[in-house]
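*Asks:* Below is one structure. I have some questions about it.
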Amino acid sequence: MDQKKRILLAGAILIVILGVVLGVDFLQRQQAAAQAPTDMPPGSIPIYVDGGFVASFIPDDLSQLPTASFVDAEEGKTQDGWLLRDVLLLYLGEDNLQDGSQVTVSSSSREKSKTLTWAEVENKENMVMFDLSGRGTLKLVSTIPGFDIRDSWVQDVDKIEITSP
Amino acid sequence: MKQRYFSTFQLILLALFSALVIVAKIALRTPLQMSGHSGIFWMAIIIVGARVVPKLGASSIIGVTSGLLASFLGLGDFGALNTFLSYAVVGLGSDLVLWILRGNTDNLVVAIIVGIFGHVGKFLVKWLFGIITGAPIGFVALGLLRAFLSYVIFGALGGLLGWLTLKALQRAGFFAYMAEKR
């Protein structure tokens with residue numbers, strides 16, 4: 001086999017790999033769509049208030065919100081996305097949120113969660129926000145002391161729960 | 001006495017390239033907010049390493065050694081095993097393509113393809129770990145396609161940067177100097 005054919009073979013292998021990745025992703029989306037409530041598109045993040053499902057959000061919904069960003073002190077990377085307060089206000093309105101309300105953002109795959117008060121989330125200076133990760137999942141980040149390092153952030157967010165005081 | 005596949009000198013060189021991969025990961029930053037952008041640097045180092053020690057397995061040694069170093073240094077967000085495999089696969093993938101192409105990274109096309117495959121190997125490790133751990137599907141539809149293309153592009157750029165570095169080393173007489181040392 002000459003070099004040209006080998007290069008073509010390498011290109012073909014790359015296309016097959018891409019096909020497998022997208023095929024598996026498509027199947028996962030189909031599976032997620034079948035299991036989720038009818039009003040919850042695959043990939044969307046559900047919001048629960050006091051245990052009850054209220055809404056879920058998708059990227060198109062967030063496009064109407066202002067974006068926010070900050071440079072993290074640990075690695076100097078820009079965290080860029082949407083403030084959690086804006087997301088919650090969009091879906092729940094201020095009536096469902098009080099200063100003492102507990103907001104828990106969790107990731108079942110990472111087995112991580114973070115609970116903050118609405119007062120902390122609402123304060124724009126705390127930069128409690130979602131950053132979009134490279135592979136398209138959401139990561140909860142902030143500049144709150146103690147919750148401003150990568151280890152404490154919640155990657156692959158898949159649930160938001162609000163508990164009233 | 002049976003001659004060893006890698007000489008001690010070559011192993012030392014490969015260990016230095018492994019350390020360089022880690023240094024590049026920690027110290028070199030780009031303002032790009034795209035996944036896999038650091039591949040520009042570490043694929044370039046792998047490409048150069050594969051030419052400086054032109055033996056099958058050289059890239060794998062760089063990958064595995066840098067993976068061990070990265071794991072012990074606590075790099076990465078997904079734990080030590082993920083970090084180790086991500087780095088190791090970069091080397092193994094590069095070697096696999098070098099073997100398929102029967103070429104060396106002196107050739108620009110080969111260097112770019114090696115850069116792409118090595119870097120896509122890292123993407124595949126992260127993707128597979130996501131599936132195994134039950135990570136949620138992408139919030140953004142086709143986010144995975146964007147990430148894949150990003151890894152391909154930065155891997156190719158790493159291959160190009162590595163090839164340019166090799167040309168500069170050749171012009172500076174580095175390989176003639178190395179031949180004398182051997």
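Note on naming: chains are A, B, ... as they come in the structure tokens, residues start from 1 per chain, ligands start from 1 in the order shown.
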Neighbours of stretch 77-79 of chain B within 9 Å (only C-alpha atoms; same-chain residues fewer than 2 positions away dropped), as a PDB file with C-alpha atoms, in the first residue's frame?
*Replies:*
ATOM      1  CA  ARG A 110     -20.020  13.520  39.442  1.00  0.00           C
ATOM      2  CA  ARG A 150     -12.190  24.136  40.422  1.00  0.00           C
ATOM      3  CA  ASP A 151     -12.409  21.240  42.871  1.00  0.00           C
ATOM      4  CA  GLN A 155     -19.390  20.008  36.570  1.00  0.00           C
TER       5      GLN A 155
ATOM      6  CA  SER B  71      -1.718  12.032  37.630  1.00  0.00           C
ATOM      7  CA  GLY B  74      -3.294  16.156  40.273  1.00  0.00           C
ATOM      8  CA  LEU B  75      -3.909  17.694  36.856  1.00  0.00           C
ATOM      9  CA  LEU B  81      -7.146   7.440  36.026  1.00  0.00           C
ATOM     10  CA  ASN B  82      -8.805   9.721  33.494  1.00  0.00           C
ATOM     11  CA  THR B  83      -5.779  12.023  33.475  1.00  0.00           C
ATOM     12  CA  PHE B  84      -3.339   9.135  33.046  1.00  0.00           C
ATOM     13  CA  LYS B 126     -12.820  11.904  27.931  1.00  0.00           C
ATOM     14  CA  PHE B 129     -15.324   8.274  30.624  1.00  0.00           C
TER      15      PHE B 129
END
*Asks:* Within 6 Å of chain B, which residues of chain A are there when counting only C-alpha atoms? Please give them as an MDAnalysis selection string.
*Replies:* chainID A and resid 6 43:44 109 134:137
*Asks:* With N, CA and C atoms retained, could you export that selection as a PDB file, in the first residue's frame?
*Replies:*
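File produced: again-v6.pdb:
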ATOM      1  N   ARG A   6      -2.476   5.085   2.430  1.00  0.00           N
ATOM      2  CA  ARG A   6      -2.433   5.046   3.899  1.00  0.00           C
ATOM      3  C   ARG A   6      -3.036   6.321   4.484  1.00  0.00           C
ATOM      4  N   GLY A  43     -31.227  16.800  27.176  1.00  0.00           N
ATOM      5  CA  GLY A  43     -30.106  17.702  27.439  1.00  0.00           C
ATOM      6  C   GLY A  43     -30.488  18.881  28.314  1.00  0.00           C
ATOM      7  N   SER A  44     -31.809  19.088  28.512  1.00  0.00           N
ATOM      8  CA  SER A  44     -32.235  20.237  29.302  1.00  0.00           C
ATOM      9  C   SER A  44     -32.063  19.959  30.797  1.00  0.00           C
ATOM     10  N   SER A 109     -23.748  12.399  37.874  1.00  0.00           N
ATOM     11  CA  SER A 109     -22.603  11.626  37.389  1.00  0.00           C
ATOM     12  C   SER A 109     -21.339  11.913  38.201  1.00  0.00           C
ATOM     13  N   GLY A 134     -16.462  22.352  27.494  1.00  0.00           N
ATOM     14  CA  GLY A 134     -16.062  22.035  26.127  1.00  0.00           C
ATOM     15  C   GLY A 134     -16.976  21.035  25.457  1.00  0.00           C
ATOM     16  N   ARG A 135     -17.455  20.046  26.223  1.00  0.00           N
ATOM     17  CA  ARG A 135     -18.295  19.041  25.564  1.00  0.00           C
ATOM     18  C   ARG A 135     -19.777  19.348  25.706  1.00  0.00           C
ATOM     19  N   GLY A 136     -20.077  20.593  26.072  1.00  0.00           N
ATOM     20  CA  GLY A 136     -21.454  21.065  25.988  1.00  0.00           C
ATOM     21  C   GLY A 136     -22.306  20.844  27.218  1.00  0.00           C
ATOM     22  N   THR A 137     -21.711  20.517  28.358  1.00  0.00           N
ATOM     23  CA  THR A 137     -22.500  20.420  29.586  1.00  0.00           C
ATOM     24  C   THR A 137     -22.258  21.686  30.429  1.00  0.00           C
TER      25      THR A 137
END
*Asks:* Could you please determine the separation between atom CA of A:Leu88 and atom CA of A:Ser133 in Å, to one decimal place?
*Replies:*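 Those two atoms sit 20.1 Å apart.
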*Asks:* I'd like to know which residues of stretch 25-160 of chain A are helix (DSSP H, G or I) (by DSSP, run on the backbone); could you write them as number ranges by chain?
*Replies:* A: 25-35, 59-62, 84-92, 94-96, 118-122, 124-126, 150-152
